[in-house]
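Colleague: Right, I'll just put the structure down here and ask away after.
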Amino acid sequence: MPAAVAQAAPAAPGRFALVGVVAGSSRGGTALIAVDGQPPRPFRVGSTVAPGYVLQSVAPRRAFLGGGGSEPIVIDMPALK
């Protein structure tokens, strides 16, 4: 009987793809984020993006996630061509 092979979860920053950002006033806003290759979904600041990861804030073309470690995870939109 072959041994079961456990699949490792993708590294945290590689799990997330930022598609769009709508920055709001007073530290609010929304980010359009794809998680683990799924279609992107909108997340408001303070929402759980994935288990253990919360959208902390947004900036132009950038989102900051808390969780998964001591430092926030920064995800950027792809560079414009």
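Naming works like this for the structure tokens: A, B, ... for the chains as they're shown, residue 1 at the start of each chain, ligands 1 onward in shown order.
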Within region 13-70 of chain A, find each residue whose DSSP state, derived from the backbone, is strand (DSSP E or B), and express the selection as number ranges by chain.
Modeller: A: 16-23, 29-35, 41-44, 48-50, 53-59, 62-66
Colleague: Tell me, as number ranges by chain, which residues lie within 8 Å of region 44-53 of chain A, counting only C-alpha atoms; anything in the same chain fewer than 3 positions away does not count.
Modeller: A: 27-31, 35, 56-58, 65-68
Colleague: Do you have the CA of Gly69 (chain A)-CA of Pro40 (chain A) distance handy?
Modeller: 23.3 Å
Colleague: With a distance cut-off of 8 Å and only C-alpha atoms, select the neighbouring residues of Gly20 (chain A), excluding the residue or stretch itself and same-chain residues fewer than 5 positions from it, and output the selection as a ChimeraX atom specification.
Modeller: /A:31-33,61,77
Colleague: CA of Glu71 (chain A) and CA of Arg41 (chain A), how far apart in Å?
Modeller: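 These two atoms are separated by 23.6 Å.
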Colleague: Residues at most 7 Å from Val74 (chain A), counting only C-alpha atoms, excluding those fewer than 2 positions away in the same chain, as a PyMOL selection string?
Modeller: chain A and resi 62-65+72+76
Colleague: Would you output that residue set with N, CA, C and O atoms, as a compact mmCIF listing (two decimals), in the first residue's frame?
Modeller:
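Result file is selection.txt:
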```
# COMPACT_ATOMS: atom_id res chain seq x y z
N ARG A 62 -2.05 48.29 -3.48
CA ARG A 62 -1.43 47.50 -2.42
C ARG A 62 -2.46 47.17 -1.34
O ARG A 62 -3.32 47.96 -1.02
N ALA A 63 -2.32 45.97 -0.73
CA ALA A 63 -3.15 45.57 0.40
C ALA A 63 -2.26 44.94 1.46
O ALA A 63 -1.23 44.33 1.15
N PHE A 64 -2.65 45.10 2.72
CA PHE A 64 -1.88 44.59 3.85
C PHE A 64 -2.75 43.59 4.61
O PHE A 64 -3.85 43.92 5.05
N LEU A 65 -2.23 42.37 4.76
CA LEU A 65 -2.93 41.31 5.48
C LEU A 65 -2.20 41.03 6.78
O LEU A 65 -0.97 40.95 6.81
N PRO A 72 3.06 42.02 8.82
CA PRO A 72 1.94 41.98 7.85
C PRO A 72 2.43 41.50 6.49
O PRO A 72 3.59 41.68 6.12
N ASP A 76 0.81 43.25 -3.71
CA ASP A 76 0.74 44.34 -4.68
C ASP A 76 0.05 43.87 -5.95
O ASP A 76 0.12 42.69 -6.30
```
Colleague: Which parts of region 10-77 of chain A does DSSP call alpha helix (DSSP H) when run on the backbone here, written out as a list in words?
Modeller: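 Residues meeting the alpha helix (DSSP H) criterion: Ala12, Pro13, Gly14 and Arg15 of chain A.
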Colleague: What is the CA of Val22 (chain A)-CA of Pro60 (chain A) distance in Å, reported with one decimal?
Modeller: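 Rounded to one decimal, the two atoms are 8.0 Å apart.
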